[in-house]
Each structure stands twice: as C-alpha cells, then as structure tokens.
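protein-v5.cif follows; it contains mmCIF, N, CA and C atoms and all ligand atoms.
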data_upload
loop_
_atom_site.label_atom_id
_atom_site.label_comp_id
_atom_site.auth_asym_id
_atom_site.auth_seq_id
_atom_site.Cartn_x
_atom_site.Cartn_y
_atom_site.Cartn_z
N MET A 215 7.39 -13.52 -4.58
CA MET A 215 7.40 -14.26 -5.86
C MET A 215 8.69 -13.93 -6.62
N ALA A 216 9.37 -14.94 -7.06
CA ALA A 216 10.62 -14.71 -7.81
C ALA A 216 10.29 -14.14 -9.19
N LYS A 217 11.28 -13.50 -9.78
CA LYS A 217 11.04 -12.85 -11.07
C LYS A 217 10.59 -13.82 -12.16
N VAL A 218 11.19 -15.00 -12.17
CA VAL A 218 10.85 -16.00 -13.20
C VAL A 218 9.41 -16.46 -13.02
N ASP A 219 9.04 -16.76 -11.77
CA ASP A 219 7.67 -17.16 -11.46
C ASP A 219 6.68 -16.11 -11.93
N LEU A 220 7.06 -14.87 -11.68
CA LEU A 220 6.18 -13.76 -12.02
C LEU A 220 5.94 -13.71 -13.52
N GLN A 221 7.00 -13.95 -14.29
CA GLN A 221 6.85 -13.94 -15.74
C GLN A 221 5.89 -15.03 -16.20
N ASP A 222 6.04 -16.22 -15.63
CA ASP A 222 5.14 -17.33 -15.96
C ASP A 222 3.71 -16.98 -15.58
N PHE A 223 3.59 -16.40 -14.43
CA PHE A 223 2.28 -16.03 -13.91
C PHE A 223 1.58 -15.04 -14.84
N LEU A 224 2.31 -14.05 -15.27
CA LEU A 224 1.74 -13.05 -16.17
C LEU A 224 1.40 -13.66 -17.52
N LYS A 225 2.27 -14.53 -17.99
CA LYS A 225 2.04 -15.18 -19.28
C LYS A 225 0.75 -16.00 -19.21
N ALA A 226 0.56 -16.69 -18.10
CA ALA A 226 -0.65 -17.49 -17.89
C ALA A 226 -1.89 -16.60 -17.90
N ASN A 227 -1.71 -15.34 -17.55
CA ASN A 227 -2.82 -14.39 -17.55
C ASN A 227 -2.87 -13.55 -18.84
N GLY A 228 -2.09 -13.97 -19.81
CA GLY A 228 -2.10 -13.30 -21.10
C GLY A 228 -1.38 -11.97 -21.11
N LEU A 229 -0.48 -11.78 -20.17
CA LEU A 229 0.24 -10.51 -20.08
C LEU A 229 1.73 -10.75 -20.12
N SER A 230 2.46 -9.76 -20.53
CA SER A 230 3.91 -9.91 -20.50
C SER A 230 4.47 -9.04 -19.38
N MET A 231 5.64 -9.46 -18.90
CA MET A 231 6.28 -8.69 -17.84
C MET A 231 7.04 -7.57 -18.50
N THR A 232 6.42 -6.42 -18.60
CA THR A 232 7.11 -5.30 -19.21
C THR A 232 8.12 -4.74 -18.21
N THR A 233 9.07 -4.00 -18.76
CA THR A 233 10.06 -3.36 -17.90
C THR A 233 9.38 -2.45 -16.89
N GLN A 234 8.34 -1.74 -17.38
CA GLN A 234 7.63 -0.83 -16.48
C GLN A 234 7.04 -1.57 -15.28
N ARG A 235 6.38 -2.70 -15.59
CA ARG A 235 5.74 -3.46 -14.50
C ARG A 235 6.78 -3.97 -13.52
N GLN A 236 7.91 -4.46 -14.07
CA GLN A 236 8.96 -4.97 -13.20
C GLN A 236 9.52 -3.84 -12.32
N LEU A 237 9.69 -2.68 -12.92
CA LEU A 237 10.22 -1.54 -12.16
C LEU A 237 9.28 -1.14 -11.03
N ILE A 238 8.00 -1.13 -11.33
CA ILE A 238 7.01 -0.75 -10.32
C ILE A 238 7.04 -1.75 -9.17
N LEU A 239 7.06 -3.04 -9.53
CA LEU A 239 7.11 -4.08 -8.50
C LEU A 239 8.39 -3.99 -7.67
N ASP A 240 9.50 -3.80 -8.35
CA ASP A 240 10.79 -3.68 -7.65
C ASP A 240 10.76 -2.50 -6.67
N GLU A 241 10.19 -1.40 -7.15
CA GLU A 241 10.12 -0.19 -6.34
C GLU A 241 9.31 -0.45 -5.07
N LEU A 242 8.17 -1.11 -5.23
CA LEU A 242 7.32 -1.40 -4.07
C LEU A 242 7.99 -2.41 -3.14
N GLU A 243 8.71 -3.33 -3.76
CA GLU A 243 9.42 -4.34 -2.97
C GLU A 243 10.54 -3.68 -2.14
N ASN A 244 11.31 -2.84 -2.79
CA ASN A 244 12.43 -2.18 -2.12
C ASN A 244 11.98 -1.19 -1.07
N TYR A 245 10.91 -0.50 -1.37
CA TYR A 245 10.44 0.53 -0.43
C TYR A 245 9.79 -0.12 0.79
N ALA A 246 9.16 -1.28 0.57
CA ALA A 246 8.52 -2.04 1.65
C ALA A 246 7.58 -1.17 2.48
N GLY A 247 6.87 -0.29 1.80
CA GLY A 247 5.91 0.55 2.52
C GLY A 247 4.73 0.87 1.61
N HIS A 248 4.13 1.99 1.84
CA HIS A 248 2.93 2.38 1.10
C HIS A 248 3.22 3.66 0.35
N LEU A 249 3.03 3.62 -0.95
CA LEU A 249 3.32 4.78 -1.78
C LEU A 249 2.08 5.17 -2.58
N THR A 250 1.95 6.46 -2.85
CA THR A 250 0.87 6.91 -3.74
C THR A 250 1.33 6.73 -5.18
N ALA A 251 0.38 6.77 -6.12
CA ALA A 251 0.72 6.63 -7.53
C ALA A 251 1.72 7.72 -7.93
N ASP A 252 1.53 8.90 -7.40
CA ASP A 252 2.41 10.01 -7.69
C ASP A 252 3.84 9.76 -7.19
N GLN A 253 3.94 9.24 -5.99
CA GLN A 253 5.27 8.93 -5.43
C GLN A 253 5.95 7.84 -6.25
N ILE A 254 5.17 6.84 -6.68
CA ILE A 254 5.73 5.75 -7.50
C ILE A 254 6.22 6.33 -8.82
N PHE A 255 5.40 7.18 -9.42
CA PHE A 255 5.75 7.82 -10.68
C PHE A 255 7.09 8.57 -10.57
N HIS A 256 7.26 9.35 -9.51
CA HIS A 256 8.50 10.11 -9.34
C HIS A 256 9.72 9.20 -9.15
N ARG A 257 9.50 8.07 -8.48
CA ARG A 257 10.61 7.14 -8.27
C ARG A 257 10.98 6.42 -9.58
N ILE A 258 9.95 6.01 -10.34
CA ILE A 258 10.20 5.29 -11.59
C ILE A 258 10.87 6.22 -12.61
N ARG A 259 10.47 7.48 -12.57
CA ARG A 259 11.00 8.44 -13.54
C ARG A 259 12.51 8.64 -13.40
N LYS A 260 13.02 8.37 -12.21
CA LYS A 260 14.47 8.49 -12.00
C LYS A 260 15.24 7.48 -12.83
N VAL A 261 14.64 6.29 -13.04
CA VAL A 261 15.33 5.28 -13.84
C VAL A 261 14.81 5.22 -15.28
N MET A 262 13.59 5.74 -15.49
CA MET A 262 12.99 5.72 -16.82
C MET A 262 12.38 7.11 -17.07
N PRO A 263 13.24 8.07 -17.42
CA PRO A 263 12.83 9.48 -17.44
C PRO A 263 11.65 9.78 -18.37
N LYS A 264 11.45 8.93 -19.40
CA LYS A 264 10.41 9.28 -20.38
C LYS A 264 9.03 8.70 -20.03
N ILE A 265 8.96 7.94 -18.95
CA ILE A 265 7.69 7.30 -18.60
C ILE A 265 6.67 8.37 -18.19
N SER A 266 5.40 8.12 -18.57
CA SER A 266 4.35 9.09 -18.21
C SER A 266 3.60 8.60 -16.98
N PHE A 267 2.92 9.53 -16.34
CA PHE A 267 2.12 9.17 -15.17
C PHE A 267 1.04 8.17 -15.56
N GLY A 268 0.45 8.37 -16.74
CA GLY A 268 -0.61 7.47 -17.22
C GLY A 268 -0.13 6.04 -17.34
N THR A 269 1.09 5.86 -17.85
CA THR A 269 1.66 4.52 -18.00
C THR A 269 1.84 3.86 -16.63
N VAL A 270 2.37 4.63 -15.70
CA VAL A 270 2.57 4.10 -14.34
C VAL A 270 1.21 3.72 -13.75
N TYR A 271 0.25 4.61 -13.90
CA TYR A 271 -1.07 4.40 -13.32
C TYR A 271 -1.75 3.17 -13.91
N ARG A 272 -1.66 3.02 -15.24
CA ARG A 272 -2.29 1.86 -15.91
C ARG A 272 -1.62 0.57 -15.48
N ASN A 273 -0.30 0.58 -15.39
CA ASN A 273 0.42 -0.62 -14.98
C ASN A 273 0.12 -0.99 -13.53
N LEU A 274 -0.05 0.01 -12.71
CA LEU A 274 -0.42 -0.24 -11.31
C LEU A 274 -1.78 -0.95 -11.27
N ALA A 275 -2.71 -0.47 -12.10
CA ALA A 275 -4.05 -1.07 -12.13
C ALA A 275 -3.97 -2.54 -12.53
N VAL A 276 -3.11 -2.86 -13.50
CA VAL A 276 -2.94 -4.26 -13.94
C VAL A 276 -2.39 -5.09 -12.79
N LEU A 277 -1.39 -4.57 -12.12
CA LEU A 277 -0.76 -5.30 -11.00
C LEU A 277 -1.74 -5.49 -9.84
N VAL A 278 -2.63 -4.52 -9.66
CA VAL A 278 -3.67 -4.65 -8.62
C VAL A 278 -4.65 -5.75 -9.02
N ASP A 279 -5.06 -5.74 -10.29
CA ASP A 279 -5.98 -6.78 -10.80
C ASP A 279 -5.40 -8.17 -10.62
N LEU A 280 -4.11 -8.29 -10.80
CA LEU A 280 -3.43 -9.59 -10.67
C LEU A 280 -3.13 -9.95 -9.23
N GLU A 281 -3.50 -9.06 -8.32
CA GLU A 281 -3.26 -9.25 -6.88
C GLU A 281 -1.77 -9.37 -6.55
N LEU A 282 -0.96 -8.68 -7.33
CA LEU A 282 0.47 -8.61 -7.02
C LEU A 282 0.73 -7.36 -6.18
N VAL A 283 -0.18 -6.41 -6.32
CA VAL A 283 -0.07 -5.15 -5.60
C VAL A 283 -1.42 -4.88 -4.93
N LEU A 284 -1.37 -4.30 -3.74
CA LEU A 284 -2.59 -3.92 -3.03
C LEU A 284 -2.80 -2.43 -3.19
N LYS A 285 -4.07 -2.06 -3.39
CA LYS A 285 -4.42 -0.64 -3.45
C LYS A 285 -5.34 -0.35 -2.27
N HIS A 286 -5.00 0.65 -1.50
CA HIS A 286 -5.83 1.01 -0.35
C HIS A 286 -6.34 2.42 -0.51
N ASN A 287 -7.57 2.59 -0.10
CA ASN A 287 -8.09 3.94 0.00
C ASN A 287 -8.67 4.06 1.40
N PHE A 288 -8.20 5.02 2.13
CA PHE A 288 -8.62 5.12 3.53
C PHE A 288 -9.64 6.23 3.74
N GLY A 289 -10.47 6.43 2.74
CA GLY A 289 -11.55 7.39 2.90
C GLY A 289 -11.25 8.78 2.34
N GLY A 290 -9.98 9.09 2.11
CA GLY A 290 -9.63 10.39 1.54
C GLY A 290 -9.50 10.29 0.03
N ASP A 291 -8.86 11.28 -0.58
CA ASP A 291 -8.68 11.28 -2.03
C ASP A 291 -7.48 10.44 -2.44
N ILE A 292 -6.61 10.14 -1.51
CA ILE A 292 -5.35 9.48 -1.86
C ILE A 292 -5.47 7.97 -1.80
N SER A 293 -4.96 7.29 -2.83
CA SER A 293 -4.85 5.83 -2.80
C SER A 293 -3.40 5.46 -2.56
N TYR A 294 -3.21 4.41 -1.81
CA TYR A 294 -1.86 3.95 -1.49
C TYR A 294 -1.66 2.56 -2.07
N TYR A 295 -0.45 2.31 -2.53
CA TYR A 295 -0.12 1.01 -3.11
C TYR A 295 0.98 0.37 -2.28
N GLU A 296 0.91 -0.96 -2.18
CA GLU A 296 2.00 -1.71 -1.56
C GLU A 296 2.03 -3.08 -2.19
N LYS A 297 3.16 -3.75 -2.04
CA LYS A 297 3.30 -5.11 -2.55
C LYS A 297 2.31 -6.01 -1.82
N PHE A 298 1.73 -6.96 -2.54
CA PHE A 298 0.68 -7.80 -1.95
C PHE A 298 1.14 -8.48 -0.66
N LYS A 299 0.27 -8.44 0.32
CA LYS A 299 0.51 -9.09 1.62
C LYS A 299 -0.83 -9.58 2.13
N PRO A 300 -0.83 -10.60 3.00
CA PRO A 300 -2.10 -11.01 3.60
C PRO A 300 -2.73 -9.86 4.40
N VAL A 301 -4.01 -10.03 4.73
CA VAL A 301 -4.76 -8.98 5.45
C VAL A 301 -3.96 -8.42 6.62
N HIS A 302 -3.84 -7.12 6.66
CA HIS A 302 -3.16 -6.48 7.77
C HIS A 302 -3.79 -5.11 7.98
N HIS A 303 -3.38 -4.43 9.02
CA HIS A 303 -4.03 -3.19 9.42
C HIS A 303 -3.08 -2.01 9.29
N HIS A 304 -3.67 -0.83 9.26
CA HIS A 304 -2.87 0.35 8.94
C HIS A 304 -3.04 1.49 9.93
N ILE A 305 -2.01 2.28 10.01
CA ILE A 305 -2.07 3.52 10.78
C ILE A 305 -1.64 4.66 9.85
N LEU A 306 -2.44 5.72 9.86
CA LEU A 306 -2.27 6.83 8.90
C LEU A 306 -2.01 8.12 9.66
N CYS A 307 -1.00 8.86 9.24
CA CYS A 307 -0.72 10.17 9.85
C CYS A 307 -1.57 11.24 9.17
N THR A 308 -2.35 11.95 9.96
CA THR A 308 -3.24 12.96 9.40
C THR A 308 -2.49 14.24 9.04
N GLU A 309 -1.23 14.34 9.46
CA GLU A 309 -0.45 15.54 9.14
C GLU A 309 0.30 15.38 7.82
N CYS A 310 1.04 14.27 7.67
CA CYS A 310 1.89 14.11 6.48
C CYS A 310 1.36 13.02 5.54
N SER A 311 0.22 12.39 5.87
CA SER A 311 -0.43 11.37 5.04
C SER A 311 0.37 10.08 4.89
N LYS A 312 1.38 9.91 5.74
CA LYS A 312 2.15 8.66 5.69
C LYS A 312 1.29 7.51 6.22
N VAL A 313 1.46 6.34 5.60
CA VAL A 313 0.73 5.14 6.03
C VAL A 313 1.74 4.08 6.43
N GLU A 314 1.49 3.41 7.53
CA GLU A 314 2.34 2.29 7.94
C GLU A 314 1.46 1.10 8.32
N ASP A 315 2.06 -0.09 8.27
CA ASP A 315 1.35 -1.26 8.76
C ASP A 315 1.29 -1.18 10.28
N LEU A 316 0.16 -1.60 10.79
CA LEU A 316 -0.03 -1.63 12.23
C LEU A 316 0.40 -3.01 12.70
N LYS A 317 1.58 -3.07 13.28
CA LYS A 317 2.13 -4.38 13.63
C LYS A 317 1.95 -4.68 15.11
N GLY A 318 1.77 -5.96 15.42
CA GLY A 318 1.75 -6.40 16.82
C GLY A 318 0.42 -6.18 17.53
N VAL A 319 -0.56 -5.62 16.83
CA VAL A 319 -1.88 -5.43 17.46
C VAL A 319 -2.76 -6.63 17.10
N LYS A 320 -3.28 -7.29 18.10
CA LYS A 320 -4.00 -8.54 17.85
C LYS A 320 -5.49 -8.30 17.61
N ILE A 321 -5.79 -7.80 16.41
CA ILE A 321 -7.17 -7.49 16.05
C ILE A 321 -8.01 -8.77 15.97
N ALA A 322 -7.37 -9.85 15.49
CA ALA A 322 -8.12 -11.10 15.30
C ALA A 322 -8.74 -11.58 16.61
N GLU A 323 -8.11 -11.22 17.71
CA GLU A 323 -8.65 -11.64 19.01
C GLU A 323 -9.98 -10.97 19.34
N LEU A 324 -10.29 -9.91 18.63
CA LEU A 324 -11.56 -9.21 18.85
C LEU A 324 -12.72 -9.90 18.14
N GLU A 325 -12.38 -10.79 17.19
CA GLU A 325 -13.43 -11.42 16.38
C GLU A 325 -14.53 -12.08 17.19
N PRO A 326 -14.20 -12.94 18.18
CA PRO A 326 -15.28 -13.57 18.94
C PRO A 326 -16.19 -12.55 19.61
N GLU A 327 -15.58 -11.49 20.12
CA GLU A 327 -16.37 -10.46 20.80
C GLU A 327 -17.31 -9.76 19.81
N ILE A 328 -16.77 -9.47 18.62
CA ILE A 328 -17.59 -8.81 17.60
C ILE A 328 -18.73 -9.73 17.17
N GLU A 329 -18.43 -11.01 17.01
CA GLU A 329 -19.47 -11.97 16.62
C GLU A 329 -20.54 -12.06 17.69
N ASN A 330 -20.13 -12.07 18.95
CA ASN A 330 -21.10 -12.10 20.05
C ASN A 330 -21.99 -10.87 20.05
N LEU A 331 -21.38 -9.73 19.82
CA LEU A 331 -22.11 -8.47 19.90
C LEU A 331 -23.05 -8.26 18.72
N THR A 332 -22.64 -8.77 17.54
CA THR A 332 -23.41 -8.46 16.33
C THR A 332 -24.16 -9.65 15.76
N SER A 333 -23.85 -10.86 16.21
CA SER A 333 -24.38 -12.10 15.64
C SER A 333 -23.96 -12.30 14.18
N TYR A 334 -22.96 -11.55 13.74
CA TYR A 334 -22.40 -11.77 12.40
C TYR A 334 -21.34 -12.85 12.49
N LYS A 335 -21.10 -13.53 11.36
CA LYS A 335 -19.91 -14.37 11.25
C LYS A 335 -18.86 -13.51 10.56
N VAL A 336 -17.82 -13.16 11.27
CA VAL A 336 -16.80 -12.27 10.71
C VAL A 336 -15.99 -13.02 9.66
N SER A 337 -15.84 -12.43 8.47
CA SER A 337 -15.02 -13.06 7.43
C SER A 337 -13.68 -12.36 7.28
N THR A 338 -13.70 -11.05 7.30
CA THR A 338 -12.45 -10.31 7.21
C THR A 338 -12.61 -8.98 7.92
N HIS A 339 -11.51 -8.32 8.14
CA HIS A 339 -11.59 -7.02 8.79
C HIS A 339 -10.39 -6.19 8.35
N HIS A 340 -10.58 -4.93 8.40
CA HIS A 340 -9.49 -4.03 8.08
C HIS A 340 -9.62 -2.80 8.94
N LEU A 341 -8.65 -2.63 9.78
CA LEU A 341 -8.69 -1.51 10.71
C LEU A 341 -7.76 -0.41 10.22
N ILE A 342 -8.26 0.81 10.22
CA ILE A 342 -7.42 1.94 9.90
C ILE A 342 -7.44 2.90 11.10
N VAL A 343 -6.29 3.11 11.65
CA VAL A 343 -6.15 4.00 12.80
C VAL A 343 -5.52 5.28 12.27
N THR A 344 -6.04 6.42 12.67
CA THR A 344 -5.41 7.68 12.26
C THR A 344 -4.79 8.36 13.48
N GLY A 345 -3.78 9.14 13.23
CA GLY A 345 -3.11 9.83 14.33
C GLY A 345 -2.02 10.72 13.79
N ILE A 346 -1.13 11.12 14.63
CA ILE A 346 -0.01 11.97 14.21
C ILE A 346 1.28 11.19 14.46
N CYS A 347 2.07 11.01 13.41
CA CYS A 347 3.25 10.16 13.49
C CYS A 347 4.34 10.82 14.37
N PRO A 348 5.30 10.02 14.83
CA PRO A 348 6.35 10.58 15.71
C PRO A 348 7.07 11.78 15.11
N LYS A 349 7.34 11.72 13.79
CA LYS A 349 8.04 12.81 13.12
C LYS A 349 7.24 14.11 13.18
N CYS A 350 5.95 13.99 12.86
CA CYS A 350 5.08 15.18 12.87
C CYS A 350 4.85 15.67 14.30
N ARG A 351 4.84 14.77 15.27
CA ARG A 351 4.67 15.18 16.67
C ARG A 351 5.87 16.00 17.11
N THR A 352 7.06 15.60 16.65
CA THR A 352 8.27 16.36 17.00
C THR A 352 8.16 17.77 16.43
N LYS A 353 7.68 17.85 15.19
CA LYS A 353 7.52 19.17 14.54
C LYS A 353 6.56 20.04 15.34
N GLU A 354 5.46 19.43 15.80
CA GLU A 354 4.46 20.18 16.58
C GLU A 354 5.07 20.77 17.83
N VAL A 355 5.90 19.98 18.48
CA VAL A 355 6.55 20.44 19.72
C VAL A 355 7.45 21.63 19.39
N GLU A 356 8.21 21.51 18.28
CA GLU A 356 9.11 22.60 17.88
C GLU A 356 8.36 23.89 17.65
N ILE A 357 7.20 23.78 16.99
CA ILE A 357 6.41 24.98 16.68
C ILE A 357 5.91 25.61 17.99
N ARG A 358 5.51 24.77 18.90
CA ARG A 358 4.99 25.26 20.17
C ARG A 358 6.07 25.99 20.99
N VAL A 359 7.30 25.46 20.88
CA VAL A 359 8.41 26.04 21.65
C VAL A 359 8.78 27.43 21.13
N GLU A 360 8.71 27.60 19.81
CA GLU A 360 9.12 28.86 19.20
C GLU A 360 8.28 30.07 19.66
ZN ZN A 401 3.31 12.50 9.91
ZN ZN A 402 0.06 -2.25 4.45
#

Would you give me this structure, written as structure tokens?
Ligand SMILES: [Zn+2]
Ligand SMILES: [Zn+2]
Amino acid sequence: MAKVDLQDFLKANGLSMTTQRQLILDELENYAGHLTADQIFHRIRKVMPKISFGTVYRNLAVLVDLELVLKHNFGGDISYYEKFKPVHHHILCTECSKVEDLKGVKIAELEPEIENLTSYKVSTHHLIVTGICPKCRTKEVEIRVE
C-alpha cells in the first residue's frame, strides 16, 4: 500500500497516520521479516529516541486491528509482527527464536487429503515448523568441536 493510500485508509477508519505508525510500518517493510515488539521498539528508538515501549506497543495493536500488520504467536510467550501478507507458513528456530516464512512448501496440496481424513471442509491453515536454523546449527558444531 502506498503511503498516500494508507493515509486515506486510516482517515476512513477515523485514525491519523502518525509519525510513529509510519515509522513502525516502514520498519516492518524494510526488515521484510518477523520482529518482536521489543525488537521494533529498539529499532524505532534509533530514529525517535524519546518514544516509549508503550507507544510502540499501542501503535502496533492499532496496525494489527487495521490488518496492516500481522501478529503471530506460536505458542510461546513471544509475539512476532510482520507487514500484512496473505496466509503463509512459518519456521521457528528453537535456539535463537528467529522466525522465517516457510517458502516453496505446498501445504495447500494437503487440503484434499485432510478433508478426506477428517470430513471437514478446510477453510484456512497455518503451519508452524520448529527446528534449529542454519546459523545456530553452525554454532552447535563449533561447540562440539571444542
Ligand atoms: Zn537460530
Ligand atoms: Zn510470515
């Protein structure tokens, strides 16, 4: 969504595009990944040193309500935010808590099989795979070698 469109969109929802909200969106757009509220706060503080965690958190909640930002919770205490995208799947590192999109895996092809097995009509799905990311696996090998 272009910046101008976004302003109109927010206005239509009775909200204004505050600098904070724009910064949060820009940050998520530029990072193109999944960040925790805390990580977003630290990034925003670099450009807006006086901003509080509460302000970032409240603005994130507004952006989630407007479906401009997605909030994910994968069963742990940590919530992850990313710029809104259609339904997709995730892989989570259990060592460093990094989350990435699971690309190229054809989960939708499992739908007919799931419907056959359960007699449900599948409407949506969200798969979360956990594992150890390449970076953390390298660290594990180093520790073992020492
Ligand atoms: Zn990791
Ligand atoms: Zn994602």

Could you list, with a cut-off of 10 Å and counting only C-alpha atoms, the residues of stretch 275-294 of chain A near stretch 238-255 of chain A, each shown with its nearest atom pair and the distance in Å rounded to one decimal, rows sorted by chain and ascending number, as a Markdown table?
| residue | atom | partner | partner_atom | distance |
| --- | --- | --- | --- | --- |
| A:Leu277 | CA | A:Leu239 | CA | 8.3 |
| A:Leu282 | CA | A:Leu239 | CA | 8.2 |
| A:Val283 | CA | A:Leu239 | CA | 7.8 |
| A:Leu284 | CA | A:His248 | CA | 9.3 |
| A:Lys285 | CA | A:His248 | CA | 9.2 |
| A:His286 | CA | A:His248 | CA | 9.0 |
| A:Ile292 | CA | A:Thr250 | CA | 7.0 |
| A:Ser293 | CA | A:Thr250 | CA | 5.9 |
| A:Tyr294 | CA | A:Thr250 | CA | 4.6 |

- Around ligand ZN 402 (chain A), at most 6 Å away and counting all atoms listed in the file, which residues are there? Put them as a list in words, please. His302, His303, His304, Glu314 and Asp315 of chain A

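Distances to ligand ZN 401 (chain A) were evaluated for A:Lys299, A:Lys335, A:Lys312, A:Arg272 using only N, CA and C atoms and all ligand atoms, and the minimum falls at A:Lys312.
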
- Counting only C-alpha atoms and all ligand atoms, the option among A:Val336, A:Val313, A:Ile321, A:Leu341 closest to ligand ZN 401 (chain A): A:Val313

Mind running chain A against ligand ZN 401 (chain A) at 5 Å and telling me each contacting residue's nearest atom pair with the distance in Å (one decimal), counting only N, CA and C atoms and all ligand atoms, chain and number ascending, as a tab-separated table?
residue	atom	partner	partner_atom	distance
A:Cys307	CA	A:ZN401	ZN	4.7
A:Glu309	C	A:ZN401	ZN	4.7
A:Cys310	N	A:ZN401	ZN	3.6
A:Cys347	N	A:ZN401	ZN	4.0
A:Cys350	N	A:ZN401	ZN	4.2

Output N, CA and C atoms for every residue in the selection just made, as a CSV table (one decimal), in the coordinates of the input.
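Below is the file result-v7.csv, written as the result:
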chain,number,residue,atom,x,y,z
A,307,CYS,N,-1.0,8.9,9.2
A,307,CYS,CA,-0.7,10.2,9.8
A,307,CYS,C,-1.6,11.2,9.2
A,309,GLU,N,-1.2,14.3,9.5
A,309,GLU,CA,-0.4,15.5,9.1
A,309,GLU,C,0.3,15.4,7.8
A,310,CYS,N,1.0,14.3,7.7
A,310,CYS,CA,1.9,14.1,6.5
A,310,CYS,C,1.4,13.0,5.5
A,347,CYS,N,2.1,11.0,13.4
A,347,CYS,CA,3.2,10.2,13.5
A,347,CYS,C,4.3,10.8,14.4
A,350,CYS,N,6.0,14.0,12.9
A,350,CYS,CA,5.1,15.2,12.9
A,350,CYS,C,4.8,15.7,14.3

- Message: Let's see if you can do this: from backbone DSSP, list all alpha helix (DSSP H) residues in chain A, as number ranges by chain.
- Response: A: 217-226, 233-245, 251-261, 267-279, 325-332, 348-359

- Task: DSSP on the backbone, then: every residue of chain A marked strand (DSSP E or B), written as number ranges by chain.
- Result: A: 249-250, 283-287, 293-297, 303-307, 313-316, 342-345

- Selected residue of minimal separation from A:Gln234 among A:Phe298, A:Lys260, A:Gln221, A:Ile265, counting only C-alpha atoms: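 Nearest to A:Gln234: A:Ile265.
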
- Item | Pairwise distance for atom CA of A:Leu224 and atom CA of A:Leu280, rounded to one decimal in Å |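 Calculated distance between atom CA of A:Leu224 and atom CA of A:Leu280 is 8.3 Å.
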
- For atom CA of A:Ile258 and atom CA of A:Thr344, quote the distance in Å rounded to one decimal.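 Rounded to one decimal, the two atoms are 28.6 Å apart.
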
- Task: For atom CA of A:Thr308 and atom N of A:Ile346, determine how far apart the two atoms are, in Å to one decimal place.
- Result: 5.9 Å

Test item: axis-aligned box, all listed atoms of stretch 302-318 of chain A, 8 Å on each side, centre and edges in Å rounded to one decimal, as lines of an AutoDock Vina configuration file:
center_x = -0.8
center_y = 4.2
center_z = 11.2
size_x = 22.4
size_y = 38.7
size_z = 28.6

Give me the residues near A:Ser337 as an mmCIF file with N, CA and C atoms, in the coordinates of the input, where near means some atom within 12 Å (using only C-alpha atoms) and where sequence neighbours in that chain fewer than 6 positions away do not count.
data_model
loop_
_atom_site.group_PDB
_atom_site.id
_atom_site.type_symbol
_atom_site.label_atom_id
_atom_site.label_comp_id
_atom_site.auth_asym_id
_atom_site.auth_seq_id
_atom_site.Cartn_x
_atom_site.Cartn_y
_atom_site.Cartn_z
ATOM 1 N N VAL A 301 -4.010 -10.030 4.730
ATOM 2 C CA VAL A 301 -4.760 -8.980 5.450
ATOM 3 C C VAL A 301 -3.960 -8.420 6.620
ATOM 4 N N ALA A 322 -7.370 -9.850 15.490
ATOM 5 C CA ALA A 322 -8.120 -11.100 15.300
ATOM 6 C C ALA A 322 -8.740 -11.580 16.610
ATOM 7 N N GLU A 325 -12.380 -10.790 17.190
ATOM 8 C CA GLU A 325 -13.430 -11.420 16.380
ATOM 9 C C GLU A 325 -14.530 -12.080 17.190
ATOM 10 N N PRO A 326 -14.200 -12.940 18.180
ATOM 11 C CA PRO A 326 -15.280 -13.570 18.940
ATOM 12 C C PRO A 326 -16.190 -12.550 19.610
ATOM 13 N N ILE A 328 -16.770 -9.470 18.620
ATOM 14 C CA ILE A 328 -17.590 -8.810 17.600
ATOM 15 C C ILE A 328 -18.730 -9.730 17.170
ATOM 16 N N GLU A 329 -18.430 -11.010 17.010
ATOM 17 C CA GLU A 329 -19.470 -11.970 16.620
ATOM 18 C C GLU A 329 -20.540 -12.060 17.690
#
